[in-house]
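One file, coords-v9.txt, is given below (compact mmCIF, C-alpha atoms).
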# COMPACT_ATOMS: atom_id res chain seq x y z
CA MET A 1 -13.59 -22.07 -29.06
CA SER A 2 -10.02 -23.20 -28.31
CA PHE A 3 -9.28 -25.13 -25.13
CA THR A 4 -8.22 -23.13 -22.08
CA THR A 5 -7.46 -24.09 -18.50
CA ARG A 6 -9.30 -21.02 -17.24
CA PRO A 7 -12.92 -20.03 -17.77
CA GLU A 8 -13.62 -17.34 -20.34
CA LEU A 9 -15.30 -14.40 -18.62
CA ILE A 10 -17.69 -12.25 -20.64
CA GLY A 11 -19.79 -9.36 -19.41
CA THR A 12 -21.46 -6.10 -20.36
CA PHE A 13 -21.20 -4.08 -17.14
CA GLY A 14 -17.61 -4.23 -15.95
CA MET A 15 -14.75 -6.52 -15.06
CA VAL A 16 -12.04 -6.66 -12.40
CA ALA A 17 -8.84 -8.69 -12.23
CA SER A 18 -6.45 -8.85 -9.28
CA THR A 19 -4.24 -11.36 -7.48
CA HIS A 20 -6.84 -12.12 -4.78
CA TRP A 21 -10.53 -12.96 -5.05
CA LEU A 22 -11.53 -10.73 -2.13
CA ALA A 23 -9.90 -7.70 -3.77
CA SER A 24 -11.62 -8.46 -7.07
CA ALA A 25 -14.97 -8.94 -5.35
CA SER A 26 -14.55 -5.66 -3.45
CA ALA A 27 -13.75 -3.75 -6.61
CA MET A 28 -16.73 -5.28 -8.40
CA ALA A 29 -18.96 -4.27 -5.49
CA VAL A 30 -17.70 -0.71 -5.87
CA LEU A 31 -18.64 -0.70 -9.55
CA GLU A 32 -22.08 -2.09 -8.75
CA LYS A 33 -22.49 0.64 -6.11
CA GLY A 34 -21.98 3.32 -8.75
CA GLY A 35 -18.27 3.93 -8.38
CA ASN A 36 -16.00 4.28 -11.39
CA ALA A 37 -12.89 2.34 -12.34
CA PHE A 38 -10.65 4.55 -10.18
CA ASP A 39 -12.78 3.95 -7.09
CA ALA A 40 -12.75 0.21 -7.80
CA ALA A 41 -9.00 0.08 -8.34
CA ALA A 42 -8.35 1.88 -5.06
CA ALA A 43 -10.73 -0.39 -3.15
CA ALA A 44 -8.96 -3.45 -4.55
CA GLY A 45 -5.55 -1.96 -3.78
CA PHE A 46 -6.40 -1.33 -0.15
CA VAL A 47 -7.89 -4.81 0.25
CA LEU A 48 -4.72 -6.35 -1.19
CA GLN A 49 -2.74 -4.57 1.52
CA ILE A 50 -4.77 -6.56 4.04
CA VAL A 51 -5.23 -10.00 2.47
CA GLU A 52 -1.80 -10.30 0.83
CA PRO A 53 0.51 -8.79 3.48
CA HIS A 54 3.42 -10.94 2.29
CA LEU A 55 3.36 -9.01 -1.00
CA ASN A 56 2.39 -5.45 -0.08
CA GLY A 57 1.06 -3.24 2.68
CA PRO A 58 0.43 0.31 3.90
CA GLY A 59 4.17 0.97 3.72
CA GLY A 60 4.36 0.13 0.01
CA GLU A 61 4.45 2.17 -3.16
CA LEU A 62 2.13 2.75 -6.11
CA PRO A 63 3.08 3.24 -9.76
CA VAL A 64 -0.11 3.63 -11.86
CA VAL A 65 -0.58 3.70 -15.63
CA PHE A 66 -4.15 4.77 -16.42
CA TYR A 67 -6.40 6.09 -19.14
CA SER A 68 -8.81 8.93 -18.45
CA ALA A 69 -11.84 8.99 -20.73
CA ARG A 70 -12.60 12.51 -19.51
CA GLU A 71 -9.20 13.76 -20.63
CA ASP A 72 -8.80 11.22 -23.45
CA ARG A 73 -5.17 10.49 -22.59
CA VAL A 74 -2.91 8.03 -20.84
CA ARG A 75 -1.11 9.28 -17.73
CA VAL A 76 1.21 7.92 -15.07
CA LEU A 77 0.76 8.56 -11.37
CA CYS A 78 4.02 8.16 -9.46
CA GLY A 79 3.27 7.05 -5.91
CA GLN A 80 6.82 5.92 -5.23
CA GLY A 81 8.34 7.55 -2.18
CA VAL A 82 11.86 8.91 -1.97
CA THR A 83 14.73 7.96 0.31
CA PRO A 84 15.23 9.94 3.54
CA ALA A 85 17.00 13.27 3.13
CA THR A 86 19.70 12.21 5.60
CA MET A 87 20.51 8.97 3.76
CA THR A 88 23.75 9.99 2.09
CA ILE A 89 26.78 7.99 1.03
CA GLU A 90 28.74 9.63 3.83
CA ARG A 91 26.10 8.68 6.39
CA MET A 92 26.15 5.04 5.27
CA ARG A 93 29.94 4.90 5.45
CA LYS A 94 29.90 6.33 8.97
CA LEU A 95 27.67 3.40 9.89
CA GLY A 96 30.28 1.06 8.44
CA LEU A 97 28.09 0.05 5.50
CA GLU A 98 29.01 -0.38 1.86
CA VAL A 99 25.45 -1.22 0.79
CA VAL A 100 22.02 -0.46 2.19
CA PRO A 101 20.80 -3.51 4.16
CA GLY A 102 17.97 -5.47 2.60
CA THR A 103 15.94 -5.61 5.82
CA GLY A 104 15.40 -3.44 8.87
CA LEU A 105 14.70 0.29 8.99
CA LEU A 106 17.46 1.74 6.84
CA PRO A 107 16.03 0.71 3.44
CA ALA A 108 12.66 2.30 4.24
CA VAL A 109 11.52 5.09 1.92
CA VAL A 110 8.49 7.36 2.16
CA PRO A 111 5.45 5.05 1.86
CA GLY A 112 3.87 6.30 -1.34
CA ALA A 113 0.89 3.96 -1.79
CA PHE A 114 -1.53 5.82 0.47
CA GLY A 115 -0.73 9.21 -1.01
CA GLY A 116 -0.94 7.82 -4.52
CA TRP A 117 -4.37 6.29 -3.98
CA MET A 118 -5.68 9.46 -2.29
CA THR A 119 -4.40 11.66 -5.11
CA MET A 120 -5.98 9.43 -7.74
CA LEU A 121 -9.30 9.32 -5.86
CA ARG A 122 -9.24 13.08 -5.33
CA ASP A 123 -8.79 13.81 -9.03
CA TYR A 124 -10.61 10.93 -10.73
CA GLY A 125 -12.84 9.08 -8.23
CA GLN A 126 -16.47 9.79 -7.47
CA LEU A 127 -17.48 7.78 -4.37
CA PRO A 128 -17.05 9.03 -0.79
CA LEU A 129 -13.72 7.95 0.68
CA GLU A 130 -15.43 5.96 3.42
CA ASP A 131 -17.09 3.76 0.78
CA VAL A 132 -13.78 3.00 -0.92
CA LEU A 133 -11.93 2.14 2.31
CA SER A 134 -14.78 0.19 3.92
CA TYR A 135 -13.81 -3.15 2.33
CA ALA A 136 -10.21 -3.07 3.54
CA ILE A 137 -11.32 -1.91 6.98
CA GLY A 138 -13.88 -4.70 7.15
CA TYR A 139 -11.38 -7.46 6.35
CA ALA A 140 -8.75 -5.97 8.66
CA GLU A 141 -11.25 -5.70 11.50
CA ASN A 142 -13.25 -8.92 11.06
CA GLY A 143 -10.64 -11.17 9.51
CA TYR A 144 -9.80 -12.85 6.21
CA PRO A 145 -8.67 -16.39 5.28
CA VAL A 146 -4.89 -16.76 5.45
CA LEU A 147 -3.16 -17.72 2.22
CA PRO A 148 -0.59 -20.58 2.36
CA ARG A 149 2.12 -18.24 1.05
CA MET A 150 1.42 -15.81 3.87
CA THR A 151 1.90 -18.64 6.37
CA SER A 152 5.16 -19.80 4.79
CA SER A 153 6.51 -16.24 4.66
CA ILE A 154 5.86 -15.71 8.38
CA LEU A 155 7.09 -19.19 9.34
CA ALA A 156 10.45 -18.48 7.72
CA ILE A 157 11.10 -15.52 10.04
CA LYS A 158 8.96 -16.18 13.12
CA ASP A 159 11.98 -16.83 15.37
CA PHE A 160 13.52 -13.59 14.17
CA PHE A 161 10.27 -11.79 14.99
CA ARG A 162 10.28 -13.25 18.50
CA THR A 163 13.87 -12.28 19.31
CA GLU A 164 14.52 -9.11 17.30
CA TRP A 165 11.28 -7.58 15.99
CA PRO A 166 8.75 -7.81 18.85
CA THR A 167 6.32 -5.37 17.25
CA SER A 168 6.22 -7.57 14.15
CA ALA A 169 5.70 -10.62 16.36
CA GLU A 170 2.81 -8.85 18.07
CA GLN A 171 1.20 -8.14 14.72
CA TRP A 172 1.80 -11.37 12.81
CA LEU A 173 2.14 -14.18 15.36
CA ARG A 174 -0.72 -15.70 17.31
CA ASP A 175 0.22 -17.49 20.54
CA GLY A 176 3.82 -17.32 19.36
CA ASP A 177 3.25 -19.05 16.03
CA ALA A 178 2.39 -18.16 12.45
CA PRO A 179 -1.29 -18.26 11.46
CA MET A 180 -2.29 -21.43 9.64
CA PRO A 181 -3.61 -21.49 6.05
CA ASN A 182 -7.33 -20.67 5.82
CA GLN A 183 -7.38 -19.51 9.44
CA LEU A 184 -9.36 -16.32 9.95
CA PHE A 185 -6.82 -13.58 10.64
CA ALA A 186 -7.44 -9.94 11.54
CA ASN A 187 -5.27 -6.80 11.54
CA PRO A 188 -7.02 -4.52 14.04
CA ALA A 189 -4.14 -2.03 14.14
CA ILE A 190 -4.50 -1.30 10.41
CA ALA A 191 -8.30 -1.12 10.70
CA ASN A 192 -8.02 1.36 13.58
CA THR A 193 -5.49 3.45 11.66
CA TYR A 194 -7.73 3.78 8.61
CA LYS A 195 -10.80 4.45 10.74
CA ARG A 196 -8.97 7.26 12.55
CA ILE A 197 -7.85 8.72 9.21
CA LEU A 198 -11.47 8.70 8.05
CA ARG A 199 -12.64 10.40 11.25
CA GLU A 200 -10.09 13.17 10.87
CA ALA A 201 -10.76 13.51 7.13
CA ASN A 202 -14.54 13.71 7.51
CA VAL A 203 -14.32 17.21 8.97
CA ARG A 204 -14.55 18.30 5.34
CA SER A 205 -17.79 17.73 3.47
CA ASP A 206 -16.49 17.70 -0.12
CA ARG A 207 -15.34 14.27 -1.36
CA ALA A 208 -12.18 15.59 -3.02
CA GLU A 209 -11.33 17.61 0.07
CA GLN A 210 -11.74 14.47 2.20
CA CYS A 211 -9.17 12.66 0.07
CA GLU A 212 -6.76 15.55 0.39
CA ARG A 213 -7.35 15.79 4.14
CA ALA A 214 -6.74 12.03 4.50
CA ARG A 215 -3.42 12.46 2.73
CA GLU A 216 -2.50 15.29 5.09
CA VAL A 217 -3.39 13.16 8.13
CA PHE A 218 -1.15 10.35 6.89
CA TYR A 219 1.90 12.40 5.84
CA ARG A 220 1.68 15.32 8.24
CA GLY A 221 -0.41 13.92 11.08
CA PHE A 222 -0.48 11.01 13.50
CA VAL A 223 0.80 8.38 11.04
CA ALA A 224 3.90 10.41 10.21
CA ASP A 225 4.44 11.13 13.90
CA ALA A 226 4.27 7.41 14.76
CA ILE A 227 6.77 6.53 12.02
CA ASP A 228 9.11 9.29 13.13
CA GLN A 229 8.98 8.22 16.79
CA TYR A 230 9.52 4.53 16.05
CA PHE A 231 12.44 5.08 13.68
CA ARG A 232 14.17 7.38 16.16
CA SER A 233 13.64 5.25 19.27
CA THR A 234 14.02 1.62 18.14
CA PRO A 235 17.23 0.23 16.60
CA VAL A 236 16.49 -2.92 14.59
CA LEU A 237 18.79 -5.78 13.59
CA ASP A 238 19.18 -5.95 9.81
CA THR A 239 21.14 -7.95 7.24
CA SER A 240 24.31 -5.98 8.00
CA GLY A 241 24.46 -7.87 11.30
CA GLN A 242 24.12 -4.71 13.37
CA ARG A 243 21.22 -2.83 14.92
CA ASN A 244 20.45 0.45 13.20
CA TYR A 245 18.00 3.25 13.77
CA GLY A 246 15.89 4.34 10.81
CA LEU A 247 16.57 7.57 8.94
CA LEU A 248 13.05 8.22 7.67
CA ASP A 249 11.42 11.03 9.64
CA ALA A 250 8.33 13.19 9.71
CA GLY A 251 9.99 15.84 7.56
CA ASP A 252 10.58 13.33 4.76
CA LEU A 253 6.90 12.39 4.76
CA ALA A 254 5.70 16.00 4.94
CA ARG A 255 7.81 17.09 1.96
CA TRP A 256 6.80 14.28 -0.38
CA GLU A 257 3.87 14.37 -2.79
CA PRO A 258 2.76 12.07 -5.63
CA THR A 259 3.30 13.38 -9.15
CA TYR A 260 1.63 12.95 -12.54
CA GLU A 261 3.86 12.14 -15.48
CA ASP A 262 3.64 11.28 -19.15
CA PRO A 263 4.08 7.58 -19.93
CA VAL A 264 6.86 6.11 -22.00
CA SER A 265 5.06 4.88 -25.13
CA TYR A 266 6.00 2.61 -28.01
CA ASP A 267 4.08 1.70 -31.15
CA TYR A 268 4.01 -2.01 -31.89
CA GLY A 269 2.00 -2.92 -34.97
CA ASP A 270 -1.49 -1.49 -34.45
CA LEU A 271 -0.97 -1.12 -30.72
CA ARG A 272 0.57 1.60 -28.59
CA VAL A 273 2.18 0.25 -25.41
CA HIS A 274 2.49 2.54 -22.37
CA LYS A 275 4.74 2.18 -19.36
CA THR A 276 6.08 4.21 -16.47
CA GLY A 277 9.27 6.16 -17.03
CA PRO A 278 12.48 5.56 -15.07
Mind turning this structure into structure tokens?
Amino acid sequence: MSFTTRPELIGTFGMVASTHWLASASAMAVLEKGGNAFDAAAAAGFVLQIVEPHLNGPGGELPVVFYSAREDRVRVLCGQGVTPATMTIERMRKLGLEVVPGTGLLPAVVPGAFGGWMTMLRDYGQLPLEDVLSYAIGYAENGYPVLPRMTSSILAIKDFFRTEWPTSAEQWLRDGDAPMPNQLFANPAIANTYKRILREANVRSDRAEQCERAREVFYRGFVADAIDQYFRSTPVLDTSGQRNYGLLDAGDLARWEPTYEDPVSYDYGDLRVHKTGP
């Protein structure tokens, strides 16, 4: 065996890889509970939204390349949201902008991650939705160890949070400062959001219908309403140097749906490589 700086992992039941050990452990627990690879991937994805907030979150997107043994084919699930309908070149110029700011509310698109995961679970998962979301809810509610990169990311903008983004300060600062590495840190607002989605989705008994109902609650229910209200009522300072309202509204969220696509594929030697399209 050749030398390696990482242990070689070998198994007969299943394997999970992610960028955080808690996400990998959660996905492995799903497999051991009887879930399939799609259930495990979704569980890991939702946990990553909690434990790696400097890299992703509930407002993110989800491009998926996957293989279905049932269908014996590779597919792409596009969970990437679109820009607001009212974001036009003319609208940007009226705001005195030549480019879309890199921060603030204007660059926000429809958050596609939640809808993408729900669509994938609806069509390919097999565990109840509550089982898949329980790991993310647990870490958000009870806390998780803070990564050093999370601390450094918040430290770099904590003064900006205090003066310009008070809702972000409320969420990410504790006693006015960034959480320290390895400190136990909780996100009760996210936990409560997901628990409310589950409550409203559980009015349907069928697992697939619960996933679809959860998607409706997010994009046409209280989550969409909260996004719409905040974007309309709160101008936020961005990299343009001015305070701008957001353009994303409830109508944008209600109109958007994830889509399935064929991958872009390329034969390389004995391998066929698959990727998302443009």
> Counting only C-alpha atoms, which of A:Gly112, A:Gly143, A:Gly125, A:Pro107 gets nearest to Phe185 of chain A?
Replying inline: A:Gly143
> For the point (-8.4, 10.5, 11.8) in file coordinates, what residues are within 12 Å, counting only C-alpha atoms? Give the answer as a list in words?
Replying inline: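 With a cut-off of 12 Å, the residues come to Glu130, Ala191, Asn192, Thr193, Tyr194, Lys195, Arg196, Ile197, Leu198, Arg199, Glu200, Ala201, Asn202, Val203, Arg204, Gln210, Cys211, Arg213, Ala214, Arg215, Glu216, Val217, Phe218, Arg220, Gly221, Phe222 and Val223 of chain A.
Atom CA of Val47 of chain A sits 17.0 Å away from atom CA of Glu32 of chain A.
If you count all atoms listed in the file and draw a sphere of 12 Å around (-4.5, -19.1, -1.3), the protein and nucleic acid residues inside it come out as A:Thr19, A:His20, A:Trp21, A:Leu22, A:Val51, A:Glu52, A:His54, A:Tyr144, A:Pro145, A:Val146, A:Leu147, A:Pro148, A:Arg149, A:Met150, A:Thr151, A:Ser152, A:Met180, A:Pro181, A:Asn182, A:Gln183.
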Output C-alpha atoms of each residue in that selection to a file, as a compact mmCIF listing (two decimals), in the coordinates of the input.
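Result went into again-v9.txt, see below:
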# COMPACT_ATOMS: atom_id res chain seq x y z
CA THR A 19 -4.24 -11.36 -7.48
CA HIS A 20 -6.84 -12.12 -4.78
CA TRP A 21 -10.53 -12.96 -5.05
CA LEU A 22 -11.53 -10.73 -2.13
CA VAL A 51 -5.23 -10.00 2.47
CA GLU A 52 -1.80 -10.30 0.83
CA HIS A 54 3.42 -10.94 2.29
CA TYR A 144 -9.80 -12.85 6.21
CA PRO A 145 -8.67 -16.39 5.28
CA VAL A 146 -4.89 -16.76 5.45
CA LEU A 147 -3.16 -17.72 2.22
CA PRO A 148 -0.59 -20.58 2.36
CA ARG A 149 2.12 -18.24 1.05
CA MET A 150 1.42 -15.81 3.87
CA THR A 151 1.90 -18.64 6.37
CA SER A 152 5.16 -19.80 4.79
CA MET A 180 -2.29 -21.43 9.64
CA PRO A 181 -3.61 -21.49 6.05
CA ASN A 182 -7.33 -20.67 5.82
CA GLN A 183 -7.38 -19.51 9.44
> What is the atom CA of Lys275 of chain A-atom CA of Thr12 of chain A distance in Å, reported with one decimal?
Replying inline: 27.5 Å
>> Can you pull out the residues contacting segment 253-266 of chain A? Cut-off 7 Å, using only C-alpha atoms, and skip same-chain residues under 6 positions away; I want them as a list in words.
In response: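 The residues that qualify are Arg75, Val76, Leu77, Cys78, Gly79, Val110, Gly115, Gly116, Tyr219, Arg220, Ala224, Arg272, Val273, His274, Lys275, Thr276 and Gly277 of chain A.
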>> Would you pick out the contacts of segment 81-87 of chain A at 7 Å or less, using only C-alpha atoms, so that residues sharing its chain but fewer than 6 positions from it are not included, and give the list as a ChimeraX atom specification?
In response: /A:61,109-112,247-248,252
> Mind pulling up the distance from atom CA of Ala44 of chain A to atom CA of Ser26 of chain A?
Replying inline: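 Between atom CA of Ser26 of chain A and atom CA of Ala44 of chain A the gap works out to 6.1 Å.
Each of A:Ala140, A:Leu106, A:Ile50, A:Ala40 was compared to Tyr124 of chain A using only C-alpha atoms, and A:Ala40 turns out to be the nearest.
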Could I get segment 15-26 of chain A rebuilt with N, CA and C atoms, written as a PDB file, keeping the file's coordinate frame?
ATOM      1  N   MET A  15     -15.558  -5.370 -15.398  1.00  0.00           N
ATOM      2  CA  MET A  15     -14.750  -6.520 -15.060  1.00  0.00           C
ATOM      3  C   MET A  15     -13.556  -6.084 -14.215  1.00  0.00           C
ATOM      4  N   VAL A  16     -13.164  -6.949 -13.290  1.00  0.00           N
ATOM      5  CA  VAL A  16     -12.040  -6.660 -12.400  1.00  0.00           C
ATOM      6  C   VAL A  16     -11.109  -7.865 -12.380  1.00  0.00           C
ATOM      7  N   ALA A  17      -9.825  -7.620 -12.388  1.00  0.00           N
ATOM      8  CA  ALA A  17      -8.840  -8.690 -12.230  1.00  0.00           C
ATOM      9  C   ALA A  17      -7.811  -8.239 -11.197  1.00  0.00           C
ATOM     10  N   SER A  18      -7.492  -9.128 -10.264  1.00  0.00           N
ATOM     11  CA  SER A  18      -6.450  -8.850  -9.280  1.00  0.00           C
ATOM     12  C   SER A  18      -5.831 -10.171  -8.870  1.00  0.00           C
ATOM     13  N   THR A  19      -4.908 -10.135  -7.930  1.00  0.00           N
ATOM     14  CA  THR A  19      -4.240 -11.360  -7.480  1.00  0.00           C
ATOM     15  C   THR A  19      -4.965 -12.033  -6.326  1.00  0.00           C
ATOM     16  N   HIS A  20      -6.096 -11.500  -5.874  1.00  0.00           N
ATOM     17  CA  HIS A  20      -6.840 -12.120  -4.780  1.00  0.00           C
ATOM     18  C   HIS A  20      -8.335 -11.933  -5.007  1.00  0.00           C
ATOM     19  N   TRP A  21      -9.100 -13.005  -4.768  1.00  0.00           N
ATOM     20  CA  TRP A  21     -10.530 -12.960  -5.050  1.00  0.00           C
ATOM     21  C   TRP A  21     -11.271 -11.942  -4.210  1.00  0.00           C
ATOM     22  N   LEU A  22     -10.840 -11.702  -2.973  1.00  0.00           N
ATOM     23  CA  LEU A  22     -11.530 -10.730  -2.130  1.00  0.00           C
ATOM     24  C   LEU A  22     -11.324  -9.304  -2.653  1.00  0.00           C
ATOM     25  N   ALA A  23     -10.142  -9.022  -3.184  1.00  0.00           N
ATOM     26  CA  ALA A  23      -9.900  -7.700  -3.770  1.00  0.00           C
ATOM     27  C   ALA A  23     -10.735  -7.512  -5.027  1.00  0.00           C
ATOM     28  N   SER A  24     -10.810  -8.552  -5.857  1.00  0.00           N
ATOM     29  CA  SER A  24     -11.620  -8.460  -7.070  1.00  0.00           C
ATOM     30  C   SER A  24     -13.093  -8.290  -6.732  1.00  0.00           C
ATOM     31  N   ALA A  25     -13.571  -9.054  -5.746  1.00  0.00           N
ATOM     32  CA  ALA A  25     -14.970  -8.940  -5.350  1.00  0.00           C
ATOM     33  C   ALA A  25     -15.274  -7.557  -4.782  1.00  0.00           C
ATOM     34  N   SER A  26     -14.344  -7.000  -4.012  1.00  0.00           N
ATOM     35  CA  SER A  26     -14.550  -5.660  -3.450  1.00  0.00           C
ATOM     36  C   SER A  26     -14.635  -4.618  -4.549  1.00  0.00           C
TER      37      SER A  26
END
